[in-house]
Each structure stands twice: as C-alpha cells, then as structure tokens.
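Structure file structure_27.cif; described as mmCIF, C-alpha atoms.
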```cif
data_final
loop_
_atom_site.label_atom_id
_atom_site.label_comp_id
_atom_site.auth_asym_id
_atom_site.auth_seq_id
_atom_site.Cartn_x
_atom_site.Cartn_y
_atom_site.Cartn_z
CA MET A 1 41.39 7.56 -107.07
CA ALA A 2 43.23 10.74 -108.02
CA GLY A 3 40.22 11.68 -110.10
CA LEU A 4 37.73 11.19 -107.27
CA ALA A 5 39.87 13.11 -104.80
CA GLY A 6 40.30 15.79 -107.46
CA LEU A 7 36.55 16.12 -107.96
CA PHE A 8 35.98 16.28 -104.20
CA ARG A 9 38.64 18.97 -103.84
CA ARG A 10 37.30 20.90 -106.83
CA ASP A 11 33.77 21.01 -105.40
CA LEU A 12 35.08 22.14 -102.00
CA ARG A 13 37.22 24.78 -103.67
CA LEU A 14 34.30 26.04 -105.72
CA ALA A 15 32.06 26.19 -102.64
CA LEU A 16 34.69 28.08 -100.65
CA ARG A 17 35.69 30.52 -103.40
CA GLN A 18 32.14 31.31 -104.36
CA GLY A 19 31.47 31.49 -100.63
CA GLY A 20 27.84 32.39 -101.08
CA ASP A 21 26.60 28.81 -101.07
CA VAL A 22 27.76 27.84 -97.59
CA GLY A 23 26.85 31.23 -96.16
CA LEU A 24 23.40 31.08 -97.70
CA VAL A 25 22.67 27.65 -96.24
CA LEU A 26 23.84 28.64 -92.76
CA GLY A 27 22.02 31.98 -92.91
CA PHE A 28 18.78 30.30 -93.88
CA PHE A 29 19.23 27.72 -91.10
CA VAL A 30 19.76 30.36 -88.43
CA LEU A 31 16.91 32.58 -89.63
CA ALA A 32 14.44 29.72 -89.89
CA VAL A 33 15.16 28.60 -86.32
CA VAL A 34 15.10 32.14 -84.97
CA LEU A 35 11.65 32.71 -86.45
CA PHE A 36 10.05 30.07 -84.23
CA PRO A 37 10.23 31.92 -80.89
CA PHE A 38 8.52 34.83 -82.64
CA GLY A 39 5.80 32.54 -83.89
CA VAL A 40 5.11 30.34 -80.88
CA GLY A 41 6.10 32.72 -78.11
CA PRO A 42 9.21 32.88 -75.93
CA GLU A 43 8.18 30.46 -73.14
CA PRO A 44 11.23 28.23 -72.43
CA GLU A 45 8.94 25.25 -71.79
CA VAL A 46 7.45 25.39 -75.27
CA LEU A 47 10.78 26.05 -76.97
CA ARG A 48 12.48 23.19 -75.15
CA ARG A 49 9.63 20.89 -76.20
CA ILE A 50 9.80 21.73 -79.92
CA GLY A 51 13.50 22.69 -80.11
CA THR A 52 15.00 19.54 -81.62
CA GLY A 53 12.19 19.17 -84.14
CA VAL A 54 12.59 22.78 -85.21
CA ILE A 55 16.34 22.46 -85.65
CA TRP A 56 16.05 19.22 -87.60
CA VAL A 57 13.35 20.58 -89.93
CA ALA A 58 15.30 23.80 -90.46
CA ALA A 59 18.48 21.80 -91.22
CA LEU A 60 16.56 19.69 -93.70
CA LEU A 61 15.14 22.72 -95.50
CA ALA A 62 18.54 24.41 -95.51
CA ALA A 63 20.15 21.34 -97.07
CA LEU A 64 17.39 21.38 -99.66
CA LEU A 65 18.31 24.93 -100.70
CA SER A 66 21.69 23.94 -102.04
CA LEU A 67 20.59 20.74 -103.76
CA GLU A 68 19.44 22.35 -106.97
CA ARG A 69 22.98 23.55 -107.63
CA LEU A 70 24.50 20.11 -107.03
CA PHE A 71 24.46 19.08 -110.70
CA GLN A 72 22.87 22.07 -112.43
CA ALA A 73 26.06 24.14 -112.81
CA ASP A 74 28.02 21.17 -114.15
CA TYR A 75 25.15 20.33 -116.49
CA ASP A 76 24.92 23.87 -117.85
CA ASP A 77 28.62 24.34 -118.59
CA GLY A 78 29.24 20.89 -120.11
CA SER A 79 31.29 19.52 -117.20
CA LEU A 80 28.79 16.77 -116.50
CA GLU A 81 29.07 15.47 -120.05
CA LEU A 82 32.83 15.20 -119.71
CA MET A 83 32.51 13.51 -116.33
CA ALA A 84 30.25 10.91 -117.93
CA LEU A 85 33.00 10.33 -120.51
CA SER A 86 35.77 10.07 -117.93
CA THR A 87 37.44 6.82 -117.03
CA MET A 88 35.82 6.80 -113.57
CA PRO A 89 32.42 5.19 -113.07
CA LEU A 90 29.75 7.88 -112.82
CA GLU A 91 28.48 6.30 -109.58
CA LEU A 92 31.79 7.00 -107.82
CA LEU A 93 31.87 10.54 -109.17
CA VAL A 94 28.38 11.08 -107.75
CA LEU A 95 29.59 9.77 -104.40
CA ALA A 96 32.49 12.24 -104.44
CA LYS A 97 30.13 15.11 -105.27
CA ALA A 98 27.68 14.07 -102.53
CA ALA A 99 30.57 13.89 -100.05
CA ALA A 100 31.64 17.42 -100.99
CA HIS A 101 28.02 18.55 -100.67
CA TRP A 102 27.85 17.09 -97.17
CA VAL A 103 31.09 18.78 -96.09
CA THR A 104 29.79 22.14 -97.31
CA THR A 105 26.20 21.83 -95.99
CA GLY A 106 25.50 18.97 -93.56
CA LEU A 107 28.66 19.39 -91.53
CA PRO A 108 28.37 23.20 -91.12
CA LEU A 109 24.72 22.75 -90.12
CA ALA A 110 25.66 20.19 -87.47
CA LEU A 111 28.42 22.47 -86.18
CA ALA A 112 26.11 25.47 -86.01
CA SER A 113 23.30 23.60 -84.29
CA PRO A 114 24.60 23.80 -80.67
CA PHE A 115 24.40 27.59 -80.75
CA LEU A 116 20.82 27.51 -81.93
CA ALA A 117 20.03 24.76 -79.42
CA VAL A 118 21.18 27.01 -76.57
CA PHE A 119 18.95 29.71 -78.00
CA LEU A 120 16.00 27.29 -77.74
CA ASP A 121 16.93 26.37 -74.15
CA LEU A 122 17.86 22.73 -74.79
CA GLU A 123 19.78 21.04 -71.99
CA PRO A 124 23.45 20.06 -72.55
CA ARG A 125 22.69 16.35 -72.89
CA ALA A 126 20.04 17.03 -75.52
CA ILE A 127 22.45 19.30 -77.39
CA ALA A 128 25.12 16.61 -77.49
CA ILE A 129 22.69 14.05 -78.90
CA LEU A 130 21.32 16.61 -81.37
CA VAL A 131 24.77 17.34 -82.81
CA LEU A 132 25.56 13.65 -83.00
CA SER A 133 22.25 12.88 -84.75
CA LEU A 134 22.89 15.65 -87.28
CA VAL A 135 26.42 14.44 -87.99
CA ILE A 136 25.18 10.89 -88.50
CA GLY A 137 21.96 11.76 -90.34
CA THR A 138 22.89 14.58 -92.72
CA PRO A 139 24.95 12.35 -95.08
CA ALA A 140 21.66 10.62 -95.92
CA LEU A 141 20.17 14.04 -96.75
CA SER A 142 22.98 14.77 -99.25
CA LEU A 143 22.82 11.31 -100.81
CA ILE A 144 19.03 11.09 -101.15
CA GLY A 145 18.99 14.70 -102.29
CA ALA A 146 21.44 13.86 -105.07
CA VAL A 147 18.92 11.41 -106.55
CA ALA A 148 16.24 14.07 -106.68
CA ALA A 149 18.66 16.69 -108.00
CA ALA A 150 19.61 14.36 -110.85
CA LEU A 151 15.99 13.48 -111.59
CA THR A 152 14.96 17.13 -111.92
CA LEU A 153 18.01 18.08 -113.99
CA GLY A 154 16.98 19.95 -117.08
CA ALA A 155 13.35 20.07 -115.98
CA ARG A 156 11.51 23.35 -116.13
CA ARG A 157 10.77 24.64 -112.62
CA ALA A 158 13.25 22.19 -111.14
CA GLY A 159 13.40 24.37 -108.03
CA VAL A 160 9.76 23.61 -107.24
CA LEU A 161 9.81 20.01 -108.35
CA LEU A 162 12.87 19.11 -106.30
CA PRO A 163 11.36 19.66 -102.80
CA LEU A 164 8.22 17.79 -103.83
CA ILE A 165 10.30 14.75 -104.70
CA VAL A 166 12.83 14.90 -101.92
CA LEU A 167 10.91 15.98 -98.82
CA PRO A 168 8.83 12.77 -98.49
CA LEU A 169 12.06 10.79 -98.83
CA TYR A 170 13.55 12.76 -95.94
CA VAL A 171 10.82 11.68 -93.50
CA PRO A 172 12.59 8.59 -92.03
CA THR A 173 15.77 10.59 -91.42
CA LEU A 174 13.75 13.32 -89.73
CA VAL A 175 11.79 10.88 -87.56
CA PHE A 176 14.86 9.12 -86.22
CA GLY A 177 16.98 12.26 -86.05
CA ALA A 178 14.57 14.28 -83.96
CA GLY A 179 13.44 11.14 -82.14
CA ALA A 180 16.98 10.41 -80.97
CA VAL A 181 17.08 13.48 -78.75
CA GLU A 182 13.63 12.76 -77.32
CA ALA A 183 14.58 9.16 -76.55
CA GLY A 184 17.96 10.18 -75.13
CA VAL A 185 16.56 12.73 -72.69
CA ALA A 186 13.23 11.29 -71.59
CA GLY A 187 13.13 7.77 -72.94
CA PRO A 188 15.12 4.57 -73.17
CA GLY A 189 18.28 6.15 -74.60
CA ALA A 190 19.27 7.42 -78.04
CA ARG A 191 21.34 4.43 -79.09
CA ALA A 192 18.69 2.66 -81.17
CA HIS A 193 17.68 5.86 -82.97
CA LEU A 194 21.25 6.79 -83.75
CA LEU A 195 21.98 3.31 -85.05
CA ILE A 196 19.00 3.44 -87.39
CA LEU A 197 20.07 6.91 -88.49
CA GLY A 198 23.53 5.54 -89.22
CA ALA A 199 21.98 2.67 -91.14
CA LEU A 200 20.02 5.15 -93.29
CA SER A 201 23.21 7.00 -94.18
CA LEU A 202 25.17 3.82 -94.80
CA ALA A 203 22.45 2.29 -96.96
CA SER A 204 22.16 5.45 -99.05
CA ALA A 205 25.91 5.53 -99.67
CA PRO A 206 25.87 2.70 -102.25
CA LEU A 207 22.20 2.89 -103.32
CA ALA A 208 21.70 6.61 -103.93
CA PRO A 209 24.72 6.95 -106.31
CA LEU A 210 23.36 4.07 -108.42
CA ALA A 211 20.01 5.81 -108.85
CA THR A 212 21.65 9.22 -109.29
CA ALA A 213 24.02 8.02 -112.00
CA ALA A 214 21.13 6.38 -113.87
CA ALA A 215 19.15 9.62 -113.71
CA LEU A 216 22.16 11.65 -114.87
CA ARG A 217 22.67 9.38 -117.88
CA GLN A 218 19.02 9.91 -118.74
CA ALA A 219 19.43 13.67 -118.45
CA LEU A 220 22.50 13.66 -120.70
CA ASP A 221 20.92 11.63 -123.48
CA MET N 222 54.55 19.51 -126.81
CA PRO N 223 53.65 15.96 -125.79
CA SER N 224 54.55 13.72 -128.65
CA ASP N 225 54.45 10.24 -127.21
CA GLY N 226 52.82 7.84 -129.61
CA PHE N 227 49.88 5.58 -129.02
CA PRO N 228 51.36 2.07 -129.18
CA GLY N 229 48.86 -0.65 -129.86
CA GLU N 230 46.32 1.87 -131.03
CA ALA N 231 46.72 1.24 -134.73
CA ALA N 232 43.19 -0.12 -134.81
CA GLU N 233 40.69 1.50 -137.10
CA LEU N 234 37.67 3.47 -135.96
CA ALA N 235 34.82 2.44 -138.21
CA ALA N 236 31.23 3.55 -138.43
CA SER N 237 28.89 1.66 -140.68
CA ASP N 238 25.41 2.59 -141.74
CA LEU N 239 24.95 4.97 -138.80
CA ALA N 240 21.64 6.70 -138.34
CA CYS N 241 20.89 9.40 -135.82
CA ARG N 242 17.49 10.29 -134.48
CA ARG N 243 16.86 13.37 -132.37
CA GLY N 244 13.34 13.31 -130.99
CA GLU N 245 11.04 12.55 -133.92
CA ARG N 246 13.45 13.68 -136.57
CA LEU N 247 15.87 11.45 -138.43
CA VAL N 248 18.95 13.66 -138.71
CA PHE N 249 21.07 11.48 -140.98
CA ALA N 250 21.08 7.87 -142.07
CA GLY N 251 23.30 5.40 -143.88
CA LEU N 252 26.49 7.12 -142.81
CA SER N 253 29.67 5.06 -142.99
CA CYS N 254 33.21 6.23 -142.47
CA ARG N 255 36.60 4.96 -141.41
CA LEU N 256 39.46 6.57 -139.61
CA ALA N 257 42.89 4.98 -139.32
CA ALA N 258 45.74 6.00 -137.03
CA GLY N 259 47.13 9.38 -138.05
CA GLY N 260 44.01 10.20 -140.00
CA ALA N 261 41.74 13.20 -139.87
CA LEU N 262 38.13 13.60 -140.84
CA VAL N 263 36.55 17.00 -141.39
CA VAL N 264 32.78 16.99 -141.04
CA THR N 265 30.97 19.72 -142.91
CA GLY N 266 27.38 20.55 -143.54
CA PRO N 267 24.85 23.35 -143.14
CA ASN N 268 23.38 24.21 -139.74
CA GLY N 269 21.15 21.41 -138.55
CA ALA N 270 22.78 18.80 -140.76
CA GLY N 271 23.83 16.87 -137.65
CA LYS N 272 27.53 17.69 -137.26
CA SER N 273 27.31 17.95 -133.51
CA SER N 274 25.04 14.91 -133.33
CA LEU N 275 27.58 12.89 -135.29
CA LEU N 276 30.37 13.92 -132.93
CA ARG N 277 28.24 13.12 -129.89
CA LEU N 278 27.49 9.77 -131.48
CA LEU N 279 31.18 9.09 -132.04
CA ALA N 280 31.84 10.20 -128.45
CA SER N 281 29.35 7.59 -127.19
CA LEU N 282 27.23 10.33 -125.66
CA LEU N 283 24.39 9.29 -127.97
CA ARG N 284 23.45 5.83 -129.07
CA PRO N 285 22.96 5.43 -132.81
CA ALA N 286 19.39 4.77 -133.94
CA ALA N 287 20.82 2.23 -136.39
CA GLY N 288 24.22 1.04 -137.53
CA THR N 289 27.35 0.15 -135.65
CA LEU N 290 30.42 1.90 -134.37
CA SER N 291 33.55 -0.15 -133.84
CA TRP N 292 37.16 0.27 -132.80
CA GLY N 293 39.51 -2.33 -134.21
CA GLY N 294 36.56 -4.54 -135.11
CA ALA N 295 35.13 -4.57 -131.57
CA ALA N 296 31.73 -2.93 -131.16
CA VAL N 297 32.06 0.24 -129.10
CA TRP N 298 28.87 -0.31 -127.12
CA GLU N 299 30.04 -3.75 -125.97
CA ASP N 300 32.69 -2.16 -123.78
CA VAL N 301 31.98 1.52 -123.80
CA ALA N 302 34.23 2.33 -120.82
CA GLU N 303 37.30 1.12 -122.68
CA TYR N 304 36.35 3.17 -125.74
CA ARG N 305 35.73 6.30 -123.68
CA ALA N 306 39.22 6.04 -122.20
CA ARG N 307 40.55 6.47 -125.75
CA LEU N 308 38.80 9.68 -126.67
CA HIS N 309 38.68 13.37 -125.95
CA TYR N 310 35.45 15.16 -126.73
CA LEU N 311 35.35 18.91 -127.09
CA GLY N 312 31.82 20.20 -127.52
CA HIS N 313 30.32 23.66 -127.78
CA LEU N 314 30.50 24.10 -124.02
CA ASP N 315 33.88 24.80 -122.48
CA ALA N 316 33.32 23.14 -119.06
CA ILE N 317 35.22 25.93 -117.34
CA LYS N 318 34.49 27.16 -113.82
CA PRO N 319 34.88 30.92 -113.36
CA ALA N 320 36.30 30.46 -109.85
CA LEU N 321 39.14 28.11 -110.82
CA SER N 322 42.38 29.00 -112.58
CA PRO N 323 43.34 27.50 -115.96
CA ARG N 324 46.01 25.41 -114.24
CA GLU N 325 43.55 24.02 -111.67
CA THR N 326 41.02 23.34 -114.41
CA LEU N 327 43.52 21.34 -116.44
CA ARG N 328 44.83 19.38 -113.47
CA PHE N 329 41.29 18.47 -112.50
CA TRP N 330 40.35 17.21 -115.96
CA ALA N 331 43.65 15.36 -116.35
CA ALA N 332 43.08 13.59 -113.02
CA LEU N 333 39.58 12.65 -114.10
CA ARG N 334 41.03 10.96 -117.17
CA GLY N 335 42.88 8.64 -114.83
CA GLY N 336 46.37 8.93 -113.46
CA VAL N 337 48.06 11.67 -111.51
CA PRO N 338 48.21 14.92 -113.48
CA SER N 339 51.80 15.78 -114.29
CA THR N 340 52.88 19.37 -113.86
CA ALA N 341 55.14 19.23 -116.90
CA ARG N 342 52.28 18.03 -119.06
CA THR N 343 49.89 20.69 -117.78
CA ASP N 344 52.47 23.43 -118.33
CA ALA N 345 53.22 22.14 -121.83
CA ALA N 346 49.50 22.13 -122.65
CA LEU N 347 49.07 25.71 -121.44
CA ALA N 348 52.16 26.83 -123.34
CA ALA N 349 50.98 25.13 -126.54
CA PHE N 350 47.95 27.42 -126.63
CA GLY N 351 49.76 30.49 -125.30
CA LEU N 352 48.11 30.55 -121.88
CA ALA N 353 51.25 30.13 -119.76
CA ALA N 354 51.25 33.77 -118.66
CA ILE N 355 47.69 33.65 -117.37
CA ALA N 356 47.75 30.13 -115.95
CA ASP N 357 46.92 31.30 -112.44
CA TRP N 358 44.25 33.86 -113.17
CA PRO N 359 40.71 32.98 -112.22
CA CYS N 360 38.93 31.84 -115.37
CA ARG N 361 36.29 34.52 -114.96
CA TRP N 362 38.89 36.99 -116.24
CA LEU N 363 39.37 35.08 -119.49
CA SER N 364 37.90 36.23 -122.79
CA ALA N 365 35.78 33.92 -124.93
CA GLY N 366 38.79 33.12 -127.13
CA GLN N 367 40.99 32.38 -124.13
CA ARG N 368 38.32 30.11 -122.69
CA ARG N 369 38.24 28.23 -125.98
CA ARG N 370 42.02 27.90 -125.89
CA LEU N 371 41.81 26.51 -122.36
CA ALA N 372 39.18 23.98 -123.45
CA LEU N 373 41.54 22.92 -126.25
CA CYS N 374 44.34 22.51 -123.69
CA ARG N 375 42.36 19.62 -122.21
CA LEU N 376 43.23 17.62 -125.33
CA LEU N 377 46.89 17.80 -124.38
CA ALA N 378 46.61 17.59 -120.59
CA ALA N 379 45.82 13.88 -120.75
CA PRO N 380 46.75 11.70 -123.72
CA ALA N 381 44.03 10.06 -125.81
CA PRO N 382 44.36 8.75 -129.36
CA LEU N 383 41.00 9.99 -130.65
CA TRP N 384 40.03 13.66 -130.60
CA LEU N 385 36.49 14.67 -131.40
CA ILE N 386 36.38 18.42 -131.72
CA ASP N 387 33.20 20.35 -132.46
CA GLU N 388 33.70 23.81 -133.97
CA PRO N 389 37.13 24.07 -132.32
CA THR N 390 37.92 27.45 -133.82
CA THR N 391 34.92 29.33 -132.43
CA GLY N 392 36.24 32.55 -130.89
CA LEU N 393 39.88 31.79 -131.75
CA ASP N 394 42.05 34.45 -133.38
CA ARG N 395 44.43 33.71 -136.25
CA ASP N 396 47.22 32.81 -133.83
CA GLY N 397 44.92 30.44 -131.95
CA VAL N 398 43.90 28.66 -135.15
CA GLU N 399 47.56 28.25 -136.16
CA ARG N 400 48.40 26.82 -132.74
CA LEU N 401 45.50 24.39 -133.04
CA GLU N 402 46.70 23.29 -136.47
CA ARG N 403 50.21 22.68 -135.11
CA VAL N 404 48.87 20.70 -132.13
CA VAL N 405 46.64 18.59 -134.36
CA ALA N 406 49.54 17.92 -136.76
CA ALA N 407 51.75 16.75 -133.87
CA HIS N 408 48.94 14.58 -132.55
CA ARG N 409 48.48 12.94 -135.95
CA ALA N 410 52.21 12.49 -136.42
CA ALA N 411 52.24 10.55 -133.14
CA GLY N 412 49.54 8.23 -134.44
CA GLY N 413 46.54 10.08 -133.06
CA ARG N 414 43.40 10.78 -135.05
CA VAL N 415 41.02 13.69 -135.23
CA VAL N 416 37.41 14.20 -136.20
CA ALA N 417 36.58 17.89 -136.51
CA ALA N 418 33.26 19.49 -137.30
CA THR N 419 33.79 22.98 -138.59
CA HIS N 420 32.61 25.83 -140.76
CA GLN N 421 35.90 27.70 -140.64
CA PRO N 422 38.69 26.63 -142.95
CA LEU N 423 41.06 24.52 -140.87
CA ASP N 424 44.29 23.43 -142.47
CA LEU N 425 44.52 19.70 -141.84
CA PRO N 426 46.74 18.10 -144.52
CA ASP N 427 45.30 15.00 -146.20
CA ALA N 428 42.12 15.16 -144.17
CA ALA N 429 39.19 13.20 -145.49
CA GLY N 430 35.99 15.14 -145.91
CA LEU N 431 32.55 14.10 -144.83
CA ALA N 432 29.70 16.23 -146.13
CA LEU N 433 26.68 15.46 -144.01
CA ASP N 434 24.38 16.82 -146.68
CA ASP N 435 24.95 13.53 -148.55
CA PHE N 436 23.31 11.59 -145.75
CA ARG N 437 20.06 13.46 -145.47
CA PRO N 438 17.48 10.76 -144.91
CA ARG N 439 15.89 9.83 -148.22
CA ALA N 440 15.12 6.59 -149.96
CA GLY N 441 18.19 4.83 -151.28
CA ALA N 442 20.86 6.86 -149.52
CA ALA N 443 23.91 4.74 -150.26
CA PRO N 444 26.58 4.30 -147.62
CA ALA N 445 29.98 5.49 -148.71
CA ASP N 446 33.47 4.81 -147.46
CA PHE N 447 36.01 7.40 -146.48
CA ALA N 448 39.53 6.26 -146.14
#
```
Can you dump the structure from the file as structure tokens?
Amino acid sequence: MAGLAGLFRRDLRLALRQGGDVGLVLGFFVLAVVLFPFGVGPEPEVLRRIGTGVIWVAALLAALLSLERLFQADYDDGSLELMALSTMPLELLVLAKAAAHWVTTGLPLALASPFLAVFLDLEPRAIAILVLSLVIGTPALSLIGAVAAALTLGARRAGVLLPLIVLPLYVPTLVFGAGAVEAGVAGPGARAHLLILGALSLASAPLAPLATAAALRQALD
Amino acid sequence: MPSDGFPGEAAELAASDLACRRGERLVFAGLSCRLAAGGALVVTGPNGAGKSSLLRLLASLLRPAAGTLSWGGAAVWEDVAEYRARLHYLGHLDAIKPALSPRETLRFWAALRGGVPSTARTDAALAAFGLAAIADWPCRWLSAGQRRRLALCRLLAAPAPLWLIDEPTTGLDRDGVERLERVVAAHRAAGGRVVAATHQPLDLPDAAGLALDDFRPRAGAAPADFA
C-alpha cells in the first residue's frame, strides 16, 4: 500500500510542481465554454438550453488534453519499465495513476463548472446537478482514457490517434452526464441518470486497469 | 552502507540455452550461464551483440525466444512476480523526474519495491554515491553523471539480491566508478549477485566473463557454462 500511496502522491506532486498541466486543462475548459456565446449568440434562452451539454463536452475535451501525458512521460524516461518490475501488480499502479489524474483534471473541472454555468445562465438547481454529475462521471473519463493512453503508447501520432479511440467510448458518460441535468430540471428527476453515471465510474474502476495494464505490458515488450 | 545479507537466497540463477529474438533478427542463441550467491558476471560484446537484450531478458522484461531461466531450479516465468521482487534492473534510462528531488525519487522507488522507505536507508544510499549534499535539489539541476549516480542509489534504497546493471558507468567520473565498485563489493560480500554489461573496465574481483560474440547465431553454437 505504501507503494500505491507513494505513486499517487508522486503524480500529484509532479502535476502541482510542473503546474502547467492543471492550468492548461482548466484554461482550455474555460476558453472552450466561453467561445459558445460568441458562436451561437448571447440570448439567455439559447445558452440555458445548450449550457449543460456545452460544459460537459468541454470538460470531456479538456480531460482528453492531459491523457496523452498520463503514461508517455513515464514511458520515455524508463519509469514505466521499473513500475512493471515492482512488487505491486501493474493493475493497481494504473488505478493509482488514474486516481491522481482524476484529482488533477476531473475534480478541478467539476469545481470550475459552477462559474461557467452562471455565465451560461443556468439556474441554481441545474448547477447543483451539473457539479454532482461531473464529480460522479469524470472518474470514468480518467479510467477509460487510461486504456486509450496505454494503447497509443509508443505509437507515432499518438496525439491524433488517442481522441479517435477514446471519444466514442466517452459517449455513454456524456449522454447520462448531460442528461442528468435535463432530467433533474424538466423531467422525472436526476436520480436515475446519476446512478447510471456512478455505475459507469464504478464499473470502469476494476475493468479499465485490467485493460490498461495489458496494453502497457504490450507496449513495454 | 547497507550490508544485511540475503538469507535463504543462496539459490543459483541459471540460464540455459537462451535465445533472444528482436523483431526478425535472432540476436543470440544457445546462451547458458550460472550465477551463484556472491557472484558477478560481466557481459561484454560489440555494439548490437545483445548486451542490453540479455539484461532485459534476465530482468524478465523480455521473454526468451527459446531456453529457460531459473532461480534455484524453479522456472522464472512460472512465478514471475516472486522473481521480480528479487531483482534490481538499471537500464540506460535513469527514470528520474526533473521536478522531484533525489531524496523524493529514492523514497518513491523504495516504496514501490514494497515496504515503507526508511530514512536511514535512503540517506545511506545517497551518501554511498556522494549525493548527500544535493539530496534536496530538484533533479533538473543535476548533471548527467549525478543523474547516473542517483539511478545507482536505487540499488541501495531497497534491498534485492540480484542486480542487473546495464552500462552502469556511463557518465560517471573516476570517483563515481570507485564508489560503484565499493558498493558492488559490499553487495557481493553480503551474498548478493551482479550482472553488469559494460564497455568500461570495471574492477569486479573474480567476476566471470560472458562474451556475447560467442553466441552469435550460427549452426552448432555450443552452450557453455560459466561458474
């Protein structure tokens, strides 16, 4: 356990000291959302209608930005090789890395979303559900993203290949994430959507590390 | 200097009839060697002879194309996790993050080898390679030689009976090489064993030699034993 906690702490430390990564993700998130009123016009009606979808899509793309770095740096400097040789199962190490990735991307995105939601004229109840859906749903983004990041490791043009692999896999999370707010404000309540979102995250927690570790072993061979 | 022995690790590391294939190319074949507790094996050969491949093979990072690798008679690939817990692998890459300090780097790798990293052990490892004074600098300030020294410190930060070191002296100055020789001697005296691939002369007393040139794939390459 000391090893897993150590890896988690190391990844957080690296993200904080290098700073750029978290800032980049948040900056992209804010800019992408802010672009929409310029594109579709400033009518509050329109913005309120598309607001949750815009924020969820922007969060998804922002999370995507940082995925390429998830294993690449460790692969390039030989750390990944040593992790594979450590006494911990690679699957658990992947889980620790995905957890650190979520804390440095998913969580900041969820925390920043209320400010952007106000900007898009969402009502308080919608904002509350939006934040909740992001907190529950973004772990799935980190976990599923880890599989794709491992698959594209060492590939030429990994940066282009990665979104092509991962974006279709993000569709269920997006549907239930954005749908939760819709259902909570105008429909039968957000409970069912949030539960499914939670199920997606919980199911990815054991399954994605298995696939990721297999892909990493392939990349190291 | 950590000098605890490796009780119950008197077993022999044995490779028999190993062959290594990289892509389409057979790098070497029919390679057999043995390494007992306290022993050292120096792997030599021209560039491309497969020194690094052999070390990666011994580290269980590569699977042999043919032949078997065993520890105390038990095939390594039957229980590879147990074997991996016994070895340290030091490759060409230093696995050092510019944003972390040498001390943080060592503590992280020691924790990953299982167990809580002990401060005394980390400090001793840093001192053994003369890095105590710069233990809290960010690694981005380190020179290539200092980075190599830090990578070597990993060998001491967590105990393991088998060290596989690939070109350990790259970038090291005379003092660094002497420190490495002392550390390796202490490791062997405690019952540890070392496989080193190197071009530079490294003073390892009574080390067996393994010239990879002898195992270039050709018809009738006879396996040989190295005590």
Closest-contact table, chain A side, partner chain N, 8 Å, counting only C-alpha atoms, as a tab-separated table:
```
residue	atom	partner	partner_atom	distance
A:Met1	CA	N:Gly335	CA	8.0
A:Ala2	CA	N:Ala332	CA	5.8
A:Gly3	CA	N:Leu333	CA	4.2
A:Leu4	CA	N:Leu333	CA	7.2
A:Gly6	CA	N:Phe329	CA	5.8
A:Leu7	CA	N:Phe329	CA	7.0
A:Arg10	CA	N:Phe329	CA	7.3
A:Leu14	CA	N:Ala320	CA	6.4
A:Arg17	CA	N:Ala320	CA	6.5
A:Gln18	CA	N:Ala320	CA	6.9
A:Asp74	CA	N:Ala316	CA	7.5
A:Asp77	CA	N:Ala316	CA	4.9
A:Gly78	CA	N:Ala316	CA	4.8
A:Ser79	CA	N:Ala316	CA	4.5
A:Glu81	CA	N:Leu282	CA	7.8
A:Leu82	CA	N:Tyr310	CA	7.5
A:Met83	CA	N:Leu333	CA	7.5
A:Leu85	CA	N:Arg305	CA	5.8
A:Ser86	CA	N:Arg334	CA	5.4
A:Thr87	CA	N:Arg334	CA	5.5
A:Met88	CA	N:Leu333	CA	7.0
A:Leu220	CA	N:Leu282	CA	7.6
A:Asp221	CA	N:Leu283	CA	6.1
```
Please compute the CA of Leu162 in chain A-CA of Ile50 in chain A distance, one decimal, in Å. 26.7 Å
Evaluate the PyMOL selection byres ((chain A and resi 51) around 8) and report residues as a PyMOL selection string: chain A and resi 47-50+52-55+117+120-122
Can you translate the PyMOL selection byres ((chain N and resi 293) around 7) into the concrete residues it hits in this file, as a PDB file with C-alpha atoms, keeping the file's coordinate frame?
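Writing done, so here's result_14.pdb:
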```pdb
ATOM      1  CA  ALA N 232      43.190  -0.120-134.810  1.00  0.00           C
ATOM      2  CA  GLU N 233      40.690   1.500-137.100  1.00  0.00           C
ATOM      3  CA  LEU N 234      37.670   3.470-135.960  1.00  0.00           C
ATOM      4  CA  SER N 291      33.550  -0.150-133.840  1.00  0.00           C
ATOM      5  CA  TRP N 292      37.160   0.270-132.800  1.00  0.00           C
ATOM      6  CA  GLY N 294      36.560  -4.540-135.110  1.00  0.00           C
ATOM      7  CA  ALA N 295      35.130  -4.570-131.570  1.00  0.00           C
TER       8      ALA N 295
END
```
Restricting the calculation to all atoms listed in the file: of A:Val40, A:Ile196, A:Leu130, A:Ala100, which residue gets closest to Arg9 in chain A? A:Ala100
Picked residues, the PyMOL selection byres ((chain N and resi 350-355) around 8), expected as a PyMOL selection string: chain N and resi 323+344+346-349+356-358+367+370-371+373-374+397+400-401
Which centre and edge lengths in Å to one decimal define the box along x, y and z that fits every listed atom of range 172-179 of chain A plus 8 Å per side, as AutoDock Vina command-line options?
```
--center_x 14.4 --center_y 11.4 --center_z -87.1 --size_x 21.2 --size_y 21.7 --size_z 25.9
```
What does the distance between CA of Gly266 in chain N and CA of Asp394 in chain N come to in Å, to one decimal place?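 For CA of Gly266 in chain N relative to CA of Asp394 in chain N, the distance reads 22.6 Å.
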Name the residues in contact with Leu194 in chain A at a cut-off of 8 Å, using only C-alpha atoms, excluding same-chain residues fewer than 2 positions from it; report them as a list of chain:residue names. A:Ser133, A:Ile136, A:Phe176, A:Gly177, A:Ala180, A:Ala190, A:Arg191, A:Ala192, A:Ile196, A:Leu197, A:Gly198
Might you pull out every residue within 9 Å of Ala287 in chain N, with all atoms listed in the file counted and same-chain residues fewer than 2 positions away left off, and present them as a JSON list (two decimals) with C-alpha atoms, in the coordinates of the input?
```json
[["chain", "number", "residue", "atom", "x", "y", "z"],
["N", 238, "ASP", "CA", 25.41, 2.59, -141.74],
["N", 239, "LEU", "CA", 24.95, 4.97, -138.80],
["N", 240, "ALA", "CA", 21.64, 6.70, -138.34],
["N", 241, "CYS", "CA", 20.89, 9.40, -135.82],
["N", 242, "ARG", "CA", 17.49, 10.29, -134.48],
["N", 250, "ALA", "CA", 21.08, 7.87, -142.07],
["N", 251, "GLY", "CA", 23.30, 5.40, -143.88],
["N", 284, "ARG", "CA", 23.45, 5.83, -129.07],
["N", 285, "PRO", "CA", 22.96, 5.43, -132.81],
["N", 289, "THR", "CA", 27.35, 0.15, -135.65]]
```
Just to confirm, what's the straight-line distance from CA of Pro426 in chain N to CA of Gly412 in chain N in Å (one decimal)?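 Taking CA of Pro426 in chain N and CA of Gly412 in chain N, their separation equals 14.4 Å.
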Best match for closeness to Val248 in chain N among N:Ala379, N:Gly269, N:Ala236, N:Ala231, counting all atoms listed in the file: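 The answer is N:Gly269, which sits nearest to Val248 in chain N.
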Counting only C-alpha atoms, write as an MDAnalysis selection string all protein and nucleic acid residues lying at most 6 Å from (26.7, 16.3, -95.3) in the file's frame. chainID A and resid 101:103 105:107 138:139 142
